[in-house]
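Working notes, beginning with the structure itself.
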Amino acid sequence: MSYEILPASIRDLNALYKLEHACFDKDAWSLFDLVAVLTFPDVVRLKAVRDGRMVGFIAGDPRRSQGFSWIATVGVLPECRRLGIGRTLLTTCESQLTTPRIRLSVRASNKAAIHLYRQEGYHTIDIWRRYYQDGEDAVVMEKRREPSGP
């Protein structure tokens with residue numbers, strides 16, 4: 001399976017809206033949130049494209065004053081999971097973030113994602129109780145790395 005990782009822009013709004021609802025159903029971001037993630041300055045926005053269609057998306061928000069970046073969202077269409085797209089999106093996004101720490105949150109029940117994040121060097125730093133609309137907890141994970149550049 002071949003796919004490309006490309007920068008995402010506001011032109012991807014409709015595709016991202018569809019992907020968001022296919023991936024997150026009850027937790028899908030609002031149209032306002034999607035416009036924000038596609039337009040806020042400094043946010044790293046990447047899409048995975050296969051056969052001309054967006055099949056994955058990630059956004060990384062650098063919070064330099066806090067010493068970490070936040071992976072705001074990462075999603076891959078259900079029919080394209082377990083093909084390395086999520087890992088490629090994650091590592092590509094990380095390579096564009098310059099903070100020494102990167103954080104993200106994930107549903108406690110999403111064992112596949114948690115396993116992937118652990119393989120990529122993330123560890124649990126907190127649990128946000130009843131974070132999701134249906135009352136499920138969020139696992140907050142962090143990756144520490146050597147600072148890059150001067």
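If you're wondering about the labels, chains in the structure tokens are A, B, ... by order shown, residues count from 1 in each chain, ligands from 1 in order shown.
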
Problem set entry | Test item: residues at most 6 Å from stretch 43-53 of chain A, only C-alpha atoms, excluding those fewer than 4 positions along its chain, as a list in words | Tyr3, Glu4, Ile5, Leu6, Pro7, Ala8, Phe57, Ile58, Ala59, Gly60 and Asp61 of chain A

Residues of stretch 1-74 of chain A that approach stretch 138-143 of chain A to 12 Å or less, counting only C-alpha atoms: could you list each one with the shortest pair of atoms and its distance in Å to one decimal, rows by chain and increasing residue number, as a tab-separated table?
residue	atom	partner	partner_atom	distance
A:Gly67	CA	A:Glu142	CA	11.8
A:Phe68	CA	A:Glu142	CA	9.0
A:Ser69	CA	A:Glu142	CA	9.6
A:Trp70	CA	A:Glu142	CA	9.1
A:Ile71	CA	A:Glu142	CA	9.9
A:Ala72	CA	A:Val140	CA	11.6

For this session: Identify all residues of stretch 28-90 of chain A in helix (DSSP H, G or I) (DSSP on the backbone) and supply them as a PyMOL selection string.
Result: chain A and resi 31-39+64-66+78-80+85-90

Atoms to include: C-alpha atoms. Write the selected residues as an mmCIF file, in the first residue's frame.
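The resulting out22.cif:
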data_model
loop_
_atom_site.group_PDB
_atom_site.id
_atom_site.type_symbol
_atom_site.label_atom_id
_atom_site.label_comp_id
_atom_site.auth_asym_id
_atom_site.auth_seq_id
_atom_site.Cartn_x
_atom_site.Cartn_y
_atom_site.Cartn_z
ATOM 1 C CA LEU A 31 -16.285 22.432 12.272
ATOM 2 C CA PHE A 32 -14.906 25.392 14.255
ATOM 3 C CA ASP A 33 -12.194 23.186 15.822
ATOM 4 C CA LEU A 34 -11.268 21.773 12.416
ATOM 5 C CA VAL A 35 -10.940 25.246 10.893
ATOM 6 C CA ALA A 36 -8.787 26.258 13.869
ATOM 7 C CA VAL A 37 -6.414 23.285 13.584
ATOM 8 C CA LEU A 38 -6.042 23.919 9.857
ATOM 9 C CA THR A 39 -5.282 27.642 10.241
ATOM 10 C CA ARG A 64 7.550 26.260 23.512
ATOM 11 C CA SER A 65 6.908 28.380 26.614
ATOM 12 C CA GLN A 66 5.721 25.217 28.398
ATOM 13 C CA PRO A 78 -10.576 2.386 9.997
ATOM 14 C CA GLU A 79 -9.993 0.522 6.710
ATOM 15 C CA CYS A 80 -6.411 1.863 6.535
ATOM 16 C CA ILE A 85 0.192 5.173 8.431
ATOM 17 C CA GLY A 86 -0.370 6.289 12.034
ATOM 18 C CA ARG A 87 3.254 5.584 12.961
ATOM 19 C CA THR A 88 4.521 7.465 9.889
ATOM 20 C CA LEU A 89 2.274 10.444 10.638
ATOM 21 C CA LEU A 90 3.478 10.451 14.264
#

Problem set entry | All strand (DSSP E) positions in stretch 106-144 of chain A, as a PyMOL selection string | chain A and resi 106-107+123-128+138-144

Write out the residues from the selection above, keeping C-alpha atoms, as a CSV table (one decimal), in the first residue's frame.
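Writing the result to result.csv gives the following:
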chain,number,residue,atom,x,y,z
A,106,VAL,CA,-5.7,8.7,24.1
A,107,ARG,CA,-8.8,6.8,25.1
A,123,HIS,CA,5.0,6.7,28.7
A,124,THR,CA,1.9,7.4,30.8
A,125,ILE,CA,2.2,10.6,32.9
A,126,ASP,CA,-1.5,11.1,34.0
A,127,ILE,CA,-5.0,9.8,33.7
A,128,TRP,CA,-7.8,12.4,33.0
A,138,ALA,CA,-8.0,9.6,28.8
A,139,VAL,CA,-4.5,8.4,29.2
A,140,VAL,CA,-2.0,11.2,28.9
A,141,MET,CA,1.4,10.2,27.5
A,142,GLU,CA,4.7,11.9,27.1
A,143,LYS,CA,7.8,11.4,25.1
A,144,ARG,CA,11.1,13.0,26.2

For this session: May I ask for the distance between atom CA of A:Tyr132 and atom CA of A:Cys93, given in Å to one decimal place?
Result: 24.3 Å

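Between atom CA of A:Met54 and atom CA of A:Gly84 the separation is 14.8 Å.
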
Neighbours of A:Asp25 within 12 Å (only C-alpha atoms; same-chain residues fewer than 5 positions away dropped), as a PDB file with C-alpha atoms, in the first residue's frame?
ATOM      1  CA  TYR A  17     -14.400  16.578   8.498  1.00  0.00           C
ATOM      2  CA  LYS A  18     -15.208  13.182   6.960  1.00  0.00           C
ATOM      3  CA  LEU A  19     -12.082  11.559   8.408  1.00  0.00           C
ATOM      4  CA  GLU A  20     -12.770  12.992  11.862  1.00  0.00           C
ATOM      5  CA  SER A  30     -16.652  20.578  15.556  1.00  0.00           C
ATOM      6  CA  GLY A  75      -6.532   9.636  13.100  1.00  0.00           C
ATOM      7  CA  LEU A  77      -9.496   5.750   8.539  1.00  0.00           C
ATOM      8  CA  PRO A  78     -10.576   2.386   9.997  1.00  0.00           C
ATOM      9  CA  TYR A 132     -14.536  11.874  26.973  1.00  0.00           C
ATOM     10  CA  GLN A 133     -18.228  12.619  26.460  1.00  0.00           C
ATOM     11  CA  ASP A 134     -19.217   9.054  27.297  1.00  0.00           C
TER      12      ASP A 134
END

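Across the model, the gap from atom CA of A:Arg130 to atom CA of A:Ala112 is 20.1 Å.
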